[in-house]
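Down below is the structure, laid out as structure tokens.
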Amino acid sequence: MTGPRIDRVIGAVNLGSFRVSAMLAGITETGELIVLGSAHRAAQGLKRGFVTDMTAATYAVRDAIERAEKIAQTSVDTVLIGTAGAGLASQVAHVEIDVSGRRIEQDDIDHLLLAGRDVIQPDGRLVLHAQPTHYTLDGAHGVANPRGLHAERLGVDIHIMLADGAPVRNLTEAVQNAHLKVEAVVGSPVAAGHACLNAEERDLGVALVEFGGDVTNVAVYAGGMLLGLASIPLGSGDITDAIASAFGIRRFQAERLKCVNGSALASPSDHREMIPVHGPGEEPSGPPARHADDAGRIPRAELVSVITGQLGRIMEEINRALKGLGFTGQRGQQVVFTGGGAELVGLADFAQSALGKPVRIGRPPQLRGLPETHAKPGFATLVGLVLHAASEPVDIRKIGPPGQAADSNGWSGLVGRIYHAILEYF
């Protein structure tokens, strides 16, 4: 039996500090999203969301996408890319026009969105997207589609994601050097929000904490849209470094200890449990680890102590960011952790105690074809990129004059129509 017919293929690449991951997903004729292939590899040439070695970063992107294409048995030439660094910032702008109480038509909506371009104030920064979130009728919020309704004034809230230009251009160039076109650069808080948050959470108010390797992004959602964003230059990699420093061991050994034996919660049995520093088949080399016994084992209690000590400092920064974003009171009740750092055992309970708010771990939805290894918090942004693309978001910068949408390549008028006719018929 043949599978469902795929009408559209989406490619996505997430460039993290610890790994580069890629995914190909297909949208069927019935609108179902199916993961065709996904893969990841260790990151190279990337640090805290910035490209530090163009050749190495390009190689990592090319390798990740080729692995995903091999699994999917198809290829892509255009991808969305996700970034957690590059100085991300979020703005919400509101614009209104007068419609004099008459029935709202599509031309009115187009006029409104065109007027929305004038309220974008990037202050010299790069605009990643400017997306209408919901409309207002005479000041009343929560209107998904105003067409066909009557109002004196029609308004719209526009979410604007900004980034520093040079880092984004470097990320884009690394992907382009891997023989791929970049359809869009998406801030990871937007992508992860698609993957981990439901509509009710975004409406009631929720904080999304992306606990990455080198960067932790704190994003606050309310009223159905992203309201504020803060970046903390700390991540799970700092826990790894603290372990390596405390025991005088290599980073890869510290990372393995953290992932295999680490926990954010202490247990009475930790003092009795000794864990080996060296992995199976690994030959001991160099000086023995500090606090290790003759067999090269360390007390699990000391490992947990190092982890919780560093984690406590990170939680202090997260708490400071939440307060700075106004995430308090009735709208400051739910916190969702995602990202690779959220896979640490016991993190939700530790964070709930440290922040004084209910905490859950955010995971990607169970998409058809998504492998179990990628159905984890560390791949939420990657899955969110394809969900974002599948939702076909509107960007007001691509809206043309009423009755005519601007082409993504900037073509308009007669030239644009000729261009599209050639594509369609030849």
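Labeling convention for the structure tokens: chains A, B, ... as they appear, residues from 1 per chain, ligands from 1 in order of appearance.
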
* Asked: Which residues come within 12 Å of Asp395 of chain A, counting only C-alpha atoms, excluding same-chain residues fewer than 2 positions away, as a PyMOL selection string?
  -> chain A and resi 110+113-114+116-117+127-133+158-161+184+392-393+397-400+405-408

* Skip Gly155 of chain A itself and residues of its chain fewer than 6 positions away, then list as a PyMOL selection string all residues within 6 Å of it, counting only C-alpha atoms. => chain A and resi 95-96+135-136

What does the file look like for those residues with N, CA, C and O atoms, as a compact mmCIF listing (two decimals), in the first residue's frame?
```txt
# COMPACT_ATOMS: atom_id res chain seq x y z
N VAL A 95 -2.03 48.93 15.94
CA VAL A 95 -2.39 49.93 14.96
C VAL A 95 -3.90 49.83 14.70
O VAL A 95 -4.48 48.74 14.76
N GLU A 96 -4.53 50.97 14.43
CA GLU A 96 -5.97 51.01 14.17
C GLU A 96 -6.27 51.88 12.95
O GLU A 96 -5.51 52.81 12.64
N TYR A 135 -7.06 40.56 16.12
CA TYR A 135 -7.64 41.85 15.75
C TYR A 135 -8.51 42.40 16.88
O TYR A 135 -8.92 41.66 17.79
N THR A 136 -8.78 43.69 16.81
CA THR A 136 -9.68 44.33 17.76
C THR A 136 -10.76 45.08 16.99
O THR A 136 -10.50 45.66 15.94
```

* To do: Please identify all polymer residues within 12 Å of Lys323 of chain A, counting only C-alpha atoms, omitting same-chain residues fewer than 6 positions from it, and present them as an MDAnalysis selection string.
  => chainID A and resid 207 218:220 228:230 316:317 329 331:332 355

* To do: Per DSSP on the backbone, filter segment 224-383 of chain A down to the residues in alpha helix (DSSP H) and report them as a PyMOL selection string.
  => chain A and resi 236-247+251-261+300-324+347-355+380-383

* Would you mind listing what lies within 12 Å of segment 258-261 of chain A as a VMD selection string, with only C-alpha atoms counted and same-chain residues fewer than 3 positions away left out? => chain A and resid 236 to 244 251 to 255 264 to 266 270 273 to 279 298 to 308 340 to 346

* Have a look at A:Gly248, A:Gly324, A:Gly124, A:Gly224 and name the one nearest to Pro287 of chain A; count only C-alpha atoms. =>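 Going through A:Gly248, A:Gly324, A:Gly124, A:Gly224 one by one, the smallest distance to Pro287 of chain A is for A:Gly248.
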
* So, counting only C-alpha atoms, which residue among A:Gly82, A:Gly213, A:Gly139, A:Gly326 is closest to His94 of chain A? ->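 Among the listed residues, the smallest separation from His94 of chain A belongs to A:Gly139.
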
* Shortest interatomic distance to Ala39 of chain A - which of A:Pro233, A:Pro268, A:Pro288, A:Gly11, counting only C-alpha atoms ->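 Checking each candidate against Ala39 of chain A, we get A:Gly11 as the closest.
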
* Structure fact -> re atom CA of Thr30 of chain A and atom CA of Ala72 of chain A: distance 19.7 Å

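For the atom pair formed by atom CA of Gly296 of chain A and atom CA of Leu347 of chain A, the distance is 27.4 Å, given to one decimal.
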
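Distance annotation: of A:His179, A:Arg250, A:His271, A:Arg153, the residue with the minimal separation from Ile109 of chain A is A:Arg153; atom set is only C-alpha atoms.
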
List the spatial neighbours of Leu88 of chain A as a PDB file with N, CA and C atoms, in the first residue's frame - criterion: any atom at most 9 Å away, only C-alpha atoms, same-chain residues fewer than 5 positions off excluded.
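This is the output file result-v6.pdb:
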```pdb
ATOM      1  N   THR A  83      17.172  30.070  15.672  1.00  0.00           N
ATOM      2  CA  THR A  83      18.284  30.597  16.447  1.00  0.00           C
ATOM      3  C   THR A  83      17.817  30.998  17.843  1.00  0.00           C
ATOM      4  N   MET A 161       9.565  40.254  16.029  1.00  0.00           N
ATOM      5  CA  MET A 161      10.766  39.628  16.568  1.00  0.00           C
ATOM      6  C   MET A 161      11.985  40.295  15.947  1.00  0.00           C
ATOM      7  N   LEU A 162      12.868  40.804  16.792  1.00  0.00           N
ATOM      8  CA  LEU A 162      14.064  41.503  16.343  1.00  0.00           C
ATOM      9  C   LEU A 162      15.305  40.696  16.697  1.00  0.00           C
ATOM     10  N   ALA A 163      16.380  40.953  15.965  1.00  0.00           N
ATOM     11  CA  ALA A 163      17.659  40.299  16.238  1.00  0.00           C
ATOM     12  C   ALA A 163      18.779  41.204  15.752  1.00  0.00           C
ATOM     13  N   ASP A 164      19.978  40.965  16.250  1.00  0.00           N
ATOM     14  CA  ASP A 164      21.148  41.676  15.746  1.00  0.00           C
ATOM     15  C   ASP A 164      21.453  41.201  14.333  1.00  0.00           C
ATOM     16  N   GLY A 187      13.051  32.971  15.511  1.00  0.00           N
ATOM     17  CA  GLY A 187      13.533  32.963  16.885  1.00  0.00           C
ATOM     18  C   GLY A 187      13.034  31.729  17.611  1.00  0.00           C
ATOM     19  N   ASN A 217      16.576  31.224  27.169  1.00  0.00           N
ATOM     20  CA  ASN A 217      15.629  32.267  26.778  1.00  0.00           C
ATOM     21  C   ASN A 217      14.366  32.148  27.616  1.00  0.00           C
ATOM     22  N   LEU A 229      10.545  39.054  26.130  1.00  0.00           N
ATOM     23  CA  LEU A 229      11.604  38.059  25.989  1.00  0.00           C
ATOM     24  C   LEU A 229      12.864  38.554  26.672  1.00  0.00           C
ATOM     25  N   ALA A 230      13.540  37.656  27.377  1.00  0.00           N
ATOM     26  CA  ALA A 230      14.827  37.968  27.990  1.00  0.00           C
ATOM     27  C   ALA A 230      15.766  36.794  27.758  1.00  0.00           C
ATOM     28  N   SER A 231      17.026  37.099  27.455  1.00  0.00           N
ATOM     29  CA  SER A 231      18.032  36.066  27.223  1.00  0.00           C
ATOM     30  C   SER A 231      19.053  36.084  28.346  1.00  0.00           C
TER      31      SER A 231
END
```

* To do: Could you jot down the atom CA of Glu210 of chain A to atom CA of Gly85 of chain A separation for me, Å, one decimal place?
  =>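 The value is 11.5 Å.
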
* To do: Write down as an NGL selection string the residues of segment 200-408 of chain A whose backbone DSSP state falls under strand (DSSP E or B).
  => :A and (206-211 or 216-222 or 225-232 or 274-276 or 297-299 or 335-338 or 359-361 or 368)

* Nearest candidate to Ser100 of chain A (options A:Ala390, A:Gly223, A:Glu152, A:Gly49; using only C-alpha atoms) -> A:Glu152

Contacts between segment 54-63 of chain A and segment 108-176 of chain A, please, where a residue of segment 108-176 of chain A counts if it comes within 8 Å (with only C-alpha atoms); show its shortest atom pair and distance in Å to one decimal, rows by chain and ascending number, as a tab-separated table.
```
residue	atom	partner	partner_atom	distance
A:Asn170	CA	A:Met54	CA	7.7
A:Ala174	CA	A:Thr58	CA	4.7
A:Val175	CA	A:Thr58	CA	6.1
```

Selection file, all heavy atoms, as an mmCIF file, in the first residue's frame:
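As a result, result36.cif now contains:
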```cif
data_model
loop_
_atom_site.group_PDB
_atom_site.id
_atom_site.type_symbol
_atom_site.label_atom_id
_atom_site.label_comp_id
_atom_site.auth_asym_id
_atom_site.auth_seq_id
_atom_site.Cartn_x
_atom_site.Cartn_y
_atom_site.Cartn_z
ATOM 1 N N ASN A 170 25.454 35.819 9.595
ATOM 2 C CA ASN A 170 26.426 34.732 9.666
ATOM 3 C C ASN A 170 25.747 33.367 9.687
ATOM 4 O O ASN A 170 26.194 32.423 9.021
ATOM 5 C CB ASN A 170 27.300 34.891 10.918
ATOM 6 C CG ASN A 170 28.304 36.017 10.786
ATOM 7 O OD1 ASN A 170 28.720 36.365 9.683
ATOM 8 N ND2 ASN A 170 28.699 36.603 11.904
ATOM 9 N N ALA A 174 26.069 30.522 6.725
ATOM 10 C CA ALA A 174 26.509 29.156 6.999
ATOM 11 C C ALA A 174 25.574 28.149 6.346
ATOM 12 O O ALA A 174 26.009 27.119 5.819
ATOM 13 C CB ALA A 174 26.582 28.922 8.504
ATOM 14 N N VAL A 175 24.269 28.438 6.378
ATOM 15 C CA VAL A 175 23.284 27.542 5.758
ATOM 16 C C VAL A 175 23.344 27.655 4.231
ATOM 17 O O VAL A 175 23.275 26.647 3.513
ATOM 18 C CB VAL A 175 21.873 27.861 6.288
ATOM 19 C CG1 VAL A 175 20.819 27.028 5.560
ATOM 20 C CG2 VAL A 175 21.804 27.614 7.785
#
```

* Using only C-alpha atoms, find the one residue out of A:Ala144, A:Val359, A:Val79, A:Ala89 that sits nearest to Pro189 of chain A. =>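 The shortest atom-to-atom distance to Pro189 of chain A comes from A:Ala89.
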